[in-house]
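Engineer: Quick one, input_7.pdb (PDB, C-alpha atoms, pLDDT in the B column):
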```pdb
ATOM      1  CA  MET A   1     108.441  62.434 166.791  1.00 68.00           C
ATOM      2  CA  ASP A   2     108.756  59.568 164.273  1.00 79.00           C
ATOM      3  CA  GLU A   3     105.068  58.768 164.550  1.00 85.00           C
ATOM      4  CA  GLU A   4     104.224  62.443 163.910  1.00 87.00           C
ATOM      5  CA  ILE A   5     106.377  62.381 160.782  1.00 85.00           C
ATOM      6  CA  GLN A   6     104.630  59.199 159.658  1.00 88.00           C
ATOM      7  CA  PHE A   7     101.270  60.843 160.341  1.00 89.00           C
ATOM      8  CA  TYR A   8     102.163  63.712 157.994  1.00 88.00           C
ATOM      9  CA  LEU A   9     103.374  61.297 155.314  1.00 90.00           C
ATOM     10  CA  ASP A  10     100.132  59.301 155.548  1.00 91.00           C
ATOM     11  CA  GLU A  11      98.096  62.513 155.401  1.00 92.00           C
ATOM     12  CA  LEU A  12     100.126  63.579 152.360  1.00 91.00           C
ATOM     13  CA  ALA A  13      99.310  60.414 150.409  1.00 92.00           C
ATOM     14  CA  GLU A  14      95.630  60.611 151.364  1.00 94.00           C
ATOM     15  CA  SER A  15      95.307  64.301 150.393  1.00 94.00           C
ATOM     16  CA  MET A  16      97.161  63.846 147.118  1.00 94.00           C
ATOM     17  CA  GLY A  17      95.005  60.815 146.338  1.00 93.00           C
ATOM     18  CA  LYS A  18      91.907  62.990 146.836  1.00 94.00           C
ATOM     19  CA  ALA A  19      93.388  65.681 144.563  1.00 94.00           C
ATOM     20  CA  LEU A  20      94.016  63.057 141.849  1.00 93.00           C
ATOM     21  CA  ALA A  21      90.489  61.672 142.268  1.00 93.00           C
ATOM     22  CA  HIS A  22      89.132  65.210 141.854  1.00 93.00           C
ATOM     23  CA  VAL A  23      91.087  65.648 138.612  1.00 93.00           C
ATOM     24  CA  ASN A  24      89.655  62.329 137.359  1.00 90.00           C
ATOM     25  CA  VAL A  25      86.104  63.476 138.156  1.00 87.00           C
ATOM     26  CA  GLU A  26      86.614  66.818 136.423  1.00 87.00           C
ATOM     27  CA  MET A  27      88.124  65.123 133.362  1.00 86.00           C
ATOM     28  CA  SER A  28      85.164  62.728 133.126  1.00 80.00           C
ATOM     29  CA  ARG A  29      82.860  65.737 132.859  1.00 76.00           C
ATOM     30  CA  ILE A  30      84.664  67.024 129.787  1.00 78.00           C
ATOM     31  CA  ARG A  31      82.890  65.734 126.709  1.00 69.00           C
ATOM     32  CA  ALA A  32      85.202  63.772 124.441  1.00 68.00           C
ATOM     33  CA  GLY A  33      82.906  63.311 121.460  1.00 67.00           C
ATOM     34  CA  LYS A  34      81.579  59.988 122.668  1.00 74.00           C
ATOM     35  CA  ALA A  35      78.341  59.689 124.581  1.00 76.00           C
ATOM     36  CA  SER A  36      78.969  58.993 128.246  1.00 78.00           C
ATOM     37  CA  PRO A  37      76.487  58.970 131.139  1.00 82.00           C
ATOM     38  CA  ALA A  38      79.141  60.836 133.175  1.00 78.00           C
ATOM     39  CA  MET A  39      78.443  63.893 130.982  1.00 79.00           C
ATOM     40  CA  LEU A  40      75.234  64.382 132.975  1.00 82.00           C
ATOM     41  CA  ASP A  41      76.728  63.948 136.477  1.00 80.00           C
ATOM     42  CA  SER A  42      76.487  67.649 137.316  1.00 80.00           C
ATOM     43  CA  LEU A  43      72.928  68.002 135.955  1.00 85.00           C
ATOM     44  CA  ARG A  44      70.188  68.680 138.509  1.00 89.00           C
ATOM     45  CA  VAL A  45      66.501  68.075 137.792  1.00 89.00           C
ATOM     46  CA  ASP A  46      63.612  69.740 139.647  1.00 88.00           C
ATOM     47  CA  TYR A  47      62.133  66.739 141.473  1.00 87.00           C
ATOM     48  CA  TYR A  48      58.999  67.970 143.255  1.00 88.00           C
ATOM     49  CA  GLY A  49      60.686  71.288 144.085  1.00 87.00           C
ATOM     50  CA  THR A  50      64.087  69.864 145.012  1.00 89.00           C
ATOM     51  CA  PRO A  51      67.119  70.066 142.678  1.00 89.00           C
ATOM     52  CA  THR A  52      68.103  66.382 142.436  1.00 89.00           C
ATOM     53  CA  PRO A  53      71.009  64.715 140.573  1.00 89.00           C
ATOM     54  CA  ILE A  54      69.643  63.132 137.404  1.00 87.00           C
ATOM     55  CA  SER A  55      71.213  59.781 138.315  1.00 87.00           C
ATOM     56  CA  GLN A  56      68.873  59.607 141.352  1.00 89.00           C
ATOM     57  CA  ILE A  57      65.675  59.883 139.326  1.00 89.00           C
ATOM     58  CA  ALA A  58      66.508  58.144 136.045  1.00 89.00           C
ATOM     59  CA  ASN A  59      68.462  55.393 134.343  1.00 91.00           C
ATOM     60  CA  ILE A  60      71.055  56.792 131.909  1.00 89.00           C
ATOM     61  CA  SER A  61      72.506  54.593 129.172  1.00 88.00           C
ATOM     62  CA  ALA A  62      74.589  55.038 126.034  1.00 85.00           C
ATOM     63  CA  PRO A  63      73.011  52.773 123.387  1.00 86.00           C
ATOM     64  CA  ASP A  64      75.689  53.854 120.906  1.00 84.00           C
ATOM     65  CA  ALA A  65      78.687  56.209 120.713  1.00 79.00           C
ATOM     66  CA  ARG A  66      76.583  59.179 119.575  1.00 82.00           C
ATOM     67  CA  SER A  67      73.528  59.118 121.846  1.00 85.00           C
ATOM     68  CA  LEU A  68      72.342  58.909 125.432  1.00 87.00           C
ATOM     69  CA  LEU A  69      69.012  57.506 126.570  1.00 91.00           C
ATOM     70  CA  ILE A  70      67.517  58.810 129.818  1.00 90.00           C
ATOM     71  CA  LYS A  71      64.584  56.846 131.237  1.00 93.00           C
ATOM     72  CA  PRO A  72      63.091  58.454 134.363  1.00 91.00           C
ATOM     73  CA  TRP A  73      61.638  56.007 136.851  1.00 90.00           C
ATOM     74  CA  GLU A  74      58.503  58.154 136.980  1.00 88.00           C
ATOM     75  CA  LYS A  75      56.925  58.945 133.592  1.00 86.00           C
ATOM     76  CA  ASN A  76      55.835  62.422 134.710  1.00 86.00           C
ATOM     77  CA  MET A  77      59.527  63.410 135.107  1.00 86.00           C
ATOM     78  CA  VAL A  78      60.274  63.170 131.334  1.00 87.00           C
ATOM     79  CA  SER A  79      59.385  66.838 130.756  1.00 86.00           C
ATOM     80  CA  GLU A  80      61.394  67.966 133.818  1.00 87.00           C
ATOM     81  CA  VAL A  81      64.457  66.058 132.569  1.00 88.00           C
ATOM     82  CA  ALA A  82      64.132  67.609 129.103  1.00 88.00           C
ATOM     83  CA  LYS A  83      63.739  71.079 130.634  1.00 88.00           C
ATOM     84  CA  ALA A  84      66.823  70.617 132.838  1.00 88.00           C
ATOM     85  CA  ILE A  85      68.910  69.560 129.822  1.00 85.00           C
ATOM     86  CA  LYS A  86      67.694  72.528 127.750  1.00 87.00           C
ATOM     87  CA  ASN A  87      68.519  74.953 130.572  1.00 85.00           C
ATOM     88  CA  SER A  88      71.957  73.442 131.238  1.00 81.00           C
ATOM     89  CA  ASP A  89      75.261  74.508 129.688  1.00 73.00           C
ATOM     90  CA  LEU A  90      75.614  71.165 127.873  1.00 73.00           C
ATOM     91  CA  GLY A  91      74.503  72.626 124.543  1.00 74.00           C
ATOM     92  CA  LEU A  92      72.438  69.538 123.700  1.00 79.00           C
ATOM     93  CA  ASN A  93      68.874  69.338 122.375  1.00 85.00           C
ATOM     94  CA  PRO A  94      66.758  66.697 124.107  1.00 88.00           C
ATOM     95  CA  VAL A  95      64.211  64.674 122.129  1.00 87.00           C
ATOM     96  CA  SER A  96      61.367  63.498 124.375  1.00 87.00           C
ATOM     97  CA  ASP A  97      58.923  60.648 123.930  1.00 84.00           C
ATOM     98  CA  ALA A  98      56.556  58.866 126.311  1.00 79.00           C
ATOM     99  CA  ASP A  99      59.268  56.684 127.894  1.00 84.00           C
ATOM    100  CA  GLY A 100      62.233  59.011 128.169  1.00 89.00           C
ATOM    101  CA  VAL A 101      64.622  61.502 126.653  1.00 89.00           C
ATOM    102  CA  ARG A 102      67.148  60.866 123.898  1.00 90.00           C
ATOM    103  CA  LEU A 103      70.224  63.058 123.484  1.00 86.00           C
ATOM    104  CA  ASN A 104      72.063  62.983 120.179  1.00 85.00           C
ATOM    105  CA  ILE A 105      75.686  63.957 120.692  1.00 81.00           C
ATOM    106  CA  PRO A 106      76.948  65.893 117.666  1.00 78.00           C
ATOM    107  CA  SER A 107      80.462  65.242 116.443  1.00 78.00           C
ATOM    108  CA  MET A 108      82.859  68.002 117.412  1.00 77.00           C
ATOM    109  CA  THR A 109      84.633  70.472 115.186  1.00 82.00           C
ATOM    110  CA  GLU A 110      88.420  70.791 115.316  1.00 86.00           C
ATOM    111  CA  GLU A 111      88.021  74.161 117.063  1.00 87.00           C
ATOM    112  CA  ARG A 112      85.755  72.669 119.741  1.00 82.00           C
ATOM    113  CA  ARG A 113      88.212  69.818 120.292  1.00 86.00           C
ATOM    114  CA  ARG A 114      91.020  72.334 120.871  1.00 89.00           C
ATOM    115  CA  GLU A 115      88.844  74.250 123.359  1.00 88.00           C
ATOM    116  CA  LEU A 116      88.165  71.035 125.271  1.00 88.00           C
ATOM    117  CA  VAL A 117      91.869  70.144 125.323  1.00 91.00           C
ATOM    118  CA  LYS A 118      92.526  73.625 126.753  1.00 92.00           C
ATOM    119  CA  GLN A 119      89.844  73.022 129.388  1.00 91.00           C
ATOM    120  CA  ALA A 120      91.394  69.639 130.252  1.00 92.00           C
ATOM    121  CA  LYS A 121      94.844  71.260 130.466  1.00 95.00           C
ATOM    122  CA  ASN A 122      93.471  73.858 132.903  1.00 94.00           C
ATOM    123  CA  GLU A 123      91.971  71.093 135.057  1.00 93.00           C
ATOM    124  CA  SER A 124      95.258  69.195 135.097  1.00 95.00           C
ATOM    125  CA  GLU A 125      97.161  72.377 136.022  1.00 96.00           C
ATOM    126  CA  ALA A 126      94.696  73.031 138.849  1.00 95.00           C
ATOM    127  CA  GLY A 127      95.291  69.467 140.052  1.00 95.00           C
ATOM    128  CA  LYS A 128      99.056  69.976 139.997  1.00 96.00           C
ATOM    129  CA  VAL A 129      98.669  73.221 141.961  1.00 96.00           C
ATOM    130  CA  ARG A 130      96.610  71.327 144.574  1.00 96.00           C
ATOM    131  CA  VAL A 131      99.281  68.617 144.815  1.00 95.00           C
ATOM    132  CA  ARG A 132     102.057  71.206 145.202  1.00 96.00           C
ATOM    133  CA  GLY A 133     100.022  73.062 147.825  1.00 95.00           C
ATOM    134  CA  ILE A 134      99.694  69.847 149.809  1.00 94.00           C
ATOM    135  CA  ARG A 135     103.471  69.324 149.518  1.00 95.00           C
ATOM    136  CA  LYS A 136     104.076  72.859 150.803  1.00 95.00           C
ATOM    137  CA  ASP A 137     101.751  72.377 153.794  1.00 94.00           C
ATOM    138  CA  VAL A 138     103.328  69.058 154.776  1.00 92.00           C
ATOM    139  CA  ASN A 139     106.874  70.425 154.409  1.00 92.00           C
ATOM    140  CA  GLU A 140     105.952  73.377 156.654  1.00 93.00           C
ATOM    141  CA  SER A 141     104.575  70.951 159.252  1.00 91.00           C
ATOM    142  CA  LEU A 142     107.782  68.910 159.057  1.00 89.00           C
ATOM    143  CA  ARG A 143     109.902  72.050 159.588  1.00 90.00           C
ATOM    144  CA  LYS A 144     107.829  72.870 162.673  1.00 90.00           C
ATOM    145  CA  LEU A 145     108.669  69.404 164.008  1.00 88.00           C
ATOM    146  CA  LEU A 146     112.344  70.168 163.392  1.00 85.00           C
ATOM    147  CA  LYS A 147     112.015  73.297 165.580  1.00 87.00           C
ATOM    148  CA  GLU A 148     110.230  71.200 168.217  1.00 87.00           C
ATOM    149  CA  GLY A 149     113.193  68.857 168.454  1.00 84.00           C
ATOM    150  CA  ALA A 150     112.803  66.206 165.748  1.00 82.00           C
ATOM    151  CA  SER A 151     116.090  64.955 164.326  1.00 87.00           C
ATOM    152  CA  GLU A 152     117.307  66.772 161.243  1.00 86.00           C
ATOM    153  CA  ASP A 153     117.991  63.481 159.438  1.00 89.00           C
ATOM    154  CA  ALA A 154     114.448  62.220 160.025  1.00 88.00           C
ATOM    155  CA  VAL A 155     112.938  65.470 158.721  1.00 88.00           C
ATOM    156  CA  LYS A 156     115.257  65.505 155.661  1.00 91.00           C
ATOM    157  CA  SER A 157     114.337  61.897 154.910  1.00 92.00           C
ATOM    158  CA  ALA A 158     110.639  62.730 155.259  1.00 91.00           C
ATOM    159  CA  GLU A 159     111.023  65.755 152.951  1.00 92.00           C
ATOM    160  CA  GLU A 160     112.614  63.499 150.328  1.00 94.00           C
ATOM    161  CA  LYS A 161     109.665  61.098 150.632  1.00 93.00           C
ATOM    162  CA  VAL A 162     107.302  64.057 150.272  1.00 94.00           C
ATOM    163  CA  GLN A 163     109.055  65.104 147.061  1.00 95.00           C
ATOM    164  CA  LYS A 164     108.968  61.562 145.635  1.00 95.00           C
ATOM    165  CA  THR A 165     105.256  61.279 146.438  1.00 95.00           C
ATOM    166  CA  THR A 166     104.638  64.699 144.853  1.00 95.00           C
ATOM    167  CA  ASP A 167     106.496  63.671 141.696  1.00 95.00           C
ATOM    168  CA  THR A 168     104.457  60.465 141.513  1.00 95.00           C
ATOM    169  CA  TYR A 169     101.119  62.258 141.811  1.00 95.00           C
ATOM    170  CA  ILE A 170     102.091  64.960 139.307  1.00 96.00           C
ATOM    171  CA  ALA A 171     103.031  62.211 136.846  1.00 96.00           C
ATOM    172  CA  GLU A 172      99.608  60.604 137.475  1.00 96.00           C
ATOM    173  CA  VAL A 173      97.850  63.916 136.775  1.00 95.00           C
ATOM    174  CA  ASP A 174      99.854  64.207 133.533  1.00 95.00           C
ATOM    175  CA  LYS A 175      98.831  60.661 132.616  1.00 96.00           C
ATOM    176  CA  VAL A 176      95.153  61.474 133.181  1.00 94.00           C
ATOM    177  CA  PHE A 177      95.500  64.622 131.031  1.00 94.00           C
ATOM    178  CA  ASN A 178      97.315  62.803 128.218  1.00 94.00           C
ATOM    179  CA  LYS A 179      94.636  60.108 128.146  1.00 92.00           C
ATOM    180  CA  LYS A 180      91.870  62.724 128.016  1.00 90.00           C
ATOM    181  CA  GLU A 181      93.681  64.713 125.334  1.00 90.00           C
ATOM    182  CA  SER A 182      94.018  61.681 123.056  1.00 89.00           C
ATOM    183  CA  GLU A 183      90.363  60.791 123.759  1.00 84.00           C
ATOM    184  CA  ILE A 184      89.256  64.307 122.735  1.00 84.00           C
ATOM    185  CA  MET A 185      91.441  64.530 119.630  1.00 84.00           C
ATOM    186  CA  THR A 186      90.495  61.057 118.334  1.00 78.00           C
ATOM    187  CA  ILE A 187      87.805  61.481 115.705  1.00 63.00           C
TER     188      ILE A 187
END
```
In structure tokens, what does this structure look like?
Structural biologist:
Amino acid sequence: MDEEIQFYLDELAESMGKALAHVNVEMSRIRAGKASPAMLDSLRVDYYGTPTPISQIANISAPDARSLLIKPWEKNMVSEVAKAIKNSDLGLNPVSDADGVRLNIPSMTEERRRELVKQAKNESEAGKVRVRGIRKDVNESLRKLLKEGASEDAVKSAEEKVQKTTDTYIAEVDKVFNKKESEIMTI
């Protein structure tokens, strides 16, 4: 029974780690006023009829804090990249030339910053809900072990470890949110 309890505790840490990683990915997609190649991670470009992640067909760099430079490896893809950016929900206007596409990132208004903080808060809350859901599932599995004959002390100890792990991951999610919030609100 002890190895089953340990299995659930290991699964807990792995699942909560994935939930935290997901929150980090979602936060990186939220624009914070500075140009970041990660802003384009979800963008798909029509590459010979196949929607392809932009990072697989072009080099993306941030030459300064207010612009991104996208250089497709094939020159004929410049227009496709520009079209994909125009049709996306990024709200950016691409400027094309022979070599690539330049995106100028406008500075954000106070209202837009508040909207982005709200969006980041929603992502962090969703992450916390995922972490708590994982805790609930593991605790239910531990209670089933108790019914199957595991010692009550071992299950109680495991439940305490589950709660400590949950608290740790929720604090990490809060840390990620606080960092993103200060990044967004910094002008």
Engineer: Give me the residues within 10 Å of Glu110 (chain A) as a list in words, counting all atoms listed in the file and dropping any in the same chain fewer than 3 places off.
Structural biologist: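 With the cut-off at 10 Å, the set is Ser107, Arg113, Arg114, Glu115, Leu116, Ile184, Met185 and Ile187 of chain A.
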Engineer: Quick one: distance from CA of Glu183 (chain A) to CA of Ser28 (chain A) in Å, one decimal?
Structural biologist: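 According to the coordinates, CA of Glu183 (chain A) and CA of Ser28 (chain A) are separated by 10.9 Å.
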Engineer: Which one is closest to Val129 (chain A): A:Thr166, A:Ala158, A:Asn24, A:Glu111? Count all atoms listed in the file.
Structural biologist: A:Thr166
Engineer: Name the residues that the PyMOL selection byres ((chain A and resi 138) around 8) picks from the file above, as an MDAnalysis selection string, using the file's chain letters and numbers.
Structural biologist: chainID A and resid 8:9 12 134:137 139:142 162
Engineer: Just checking: using all atoms listed in the file, which residue out of A:Gly100, A:Pro63, A:Gly133, A:Gly91 ends up closest to Asn76 (chain A)?
Structural biologist: A:Gly100
Engineer: List as a ChimeraX atom specification the protein and nucleic acid residues near region 44-51 of chain A, meaning an atom at most 12 Å away when only C-alpha atoms are counted, but skip any in the same chain fewer than 6 places from it.
Structural biologist: /A:57-58,72-74,76-89
Engineer: With only C-alpha atoms as the atoms that count, which of A:Lys75, A:Lys161, A:Lys180, A:Lys18 lies nearest to Glu123 (chain A)?
Structural biologist: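 Checking each of A:Lys75, A:Lys161, A:Lys180, A:Lys18 against Glu123 (chain A), counting only C-alpha atoms, the winner is A:Lys180.
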Engineer: Looking at A:Met39, A:Lys147, A:Gln6, A:Lys34, which one is nearest to Glu159 (chain A), with distances taken over only C-alpha atoms?
Structural biologist: A:Gln6
Engineer: In Å, with one decimal, what is the gap from CA of Asn178 (chain A) to CA of Gln119 (chain A)?
Structural biologist: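 It comes out at 12.7 Å.
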Engineer: Place a sphere of radius 6 Å on (70.8, 63.9, 126.4) in the file coordinates and name every protein, DNA or RNA residue with an atom inside or on its surface, counting all atoms listed in the file; give the answer as a list of chain:residue names.
Structural biologist: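 Residues with an atom close enough to that point: A:Leu68, A:Pro94, A:Arg102, A:Leu103.
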Engineer: Run through the PyMOL selection byres ((chain A and resi 172-175) around 12) on the given coordinates and return the selected residues as an NGL selection string.
Structural biologist: :A and (16-27 or 120-132 or 165-171 or 176-182)
Engineer: With only C-alpha atoms as the atoms that count, which of A:Thr186, A:Asp2, A:Lys71, A:Ala65 lies nearest to Asp97 (chain A)?
Structural biologist: A:Lys71
Engineer: Near Ile70 (chain A), within 6 Å and counting all atoms listed in the file, which residues show up once chain neighbours fewer than 2 positions away are dropped, as a list in words?
Structural biologist: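 Contacts, in chain order: Asn59, Ile60, Gly100 and Val101 of chain A.
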Engineer: Measuring between all atoms listed in the file, which one of A:Met108, A:Ile5, A:Val117, A:Leu69 shows the shortest distance to Val95 (chain A)?
Structural biologist: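 Once distances to Val95 (chain A) are computed over all atoms listed in the file, the minimum belongs to A:Leu69.
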Engineer: Please compute the CA of Ser67 (chain A)-CA of Ala35 (chain A) distance, one decimal, in Å.
Structural biologist: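 Straight-line distance from CA of Ser67 (chain A) to CA of Ala35 (chain A) works out to 5.6 Å.
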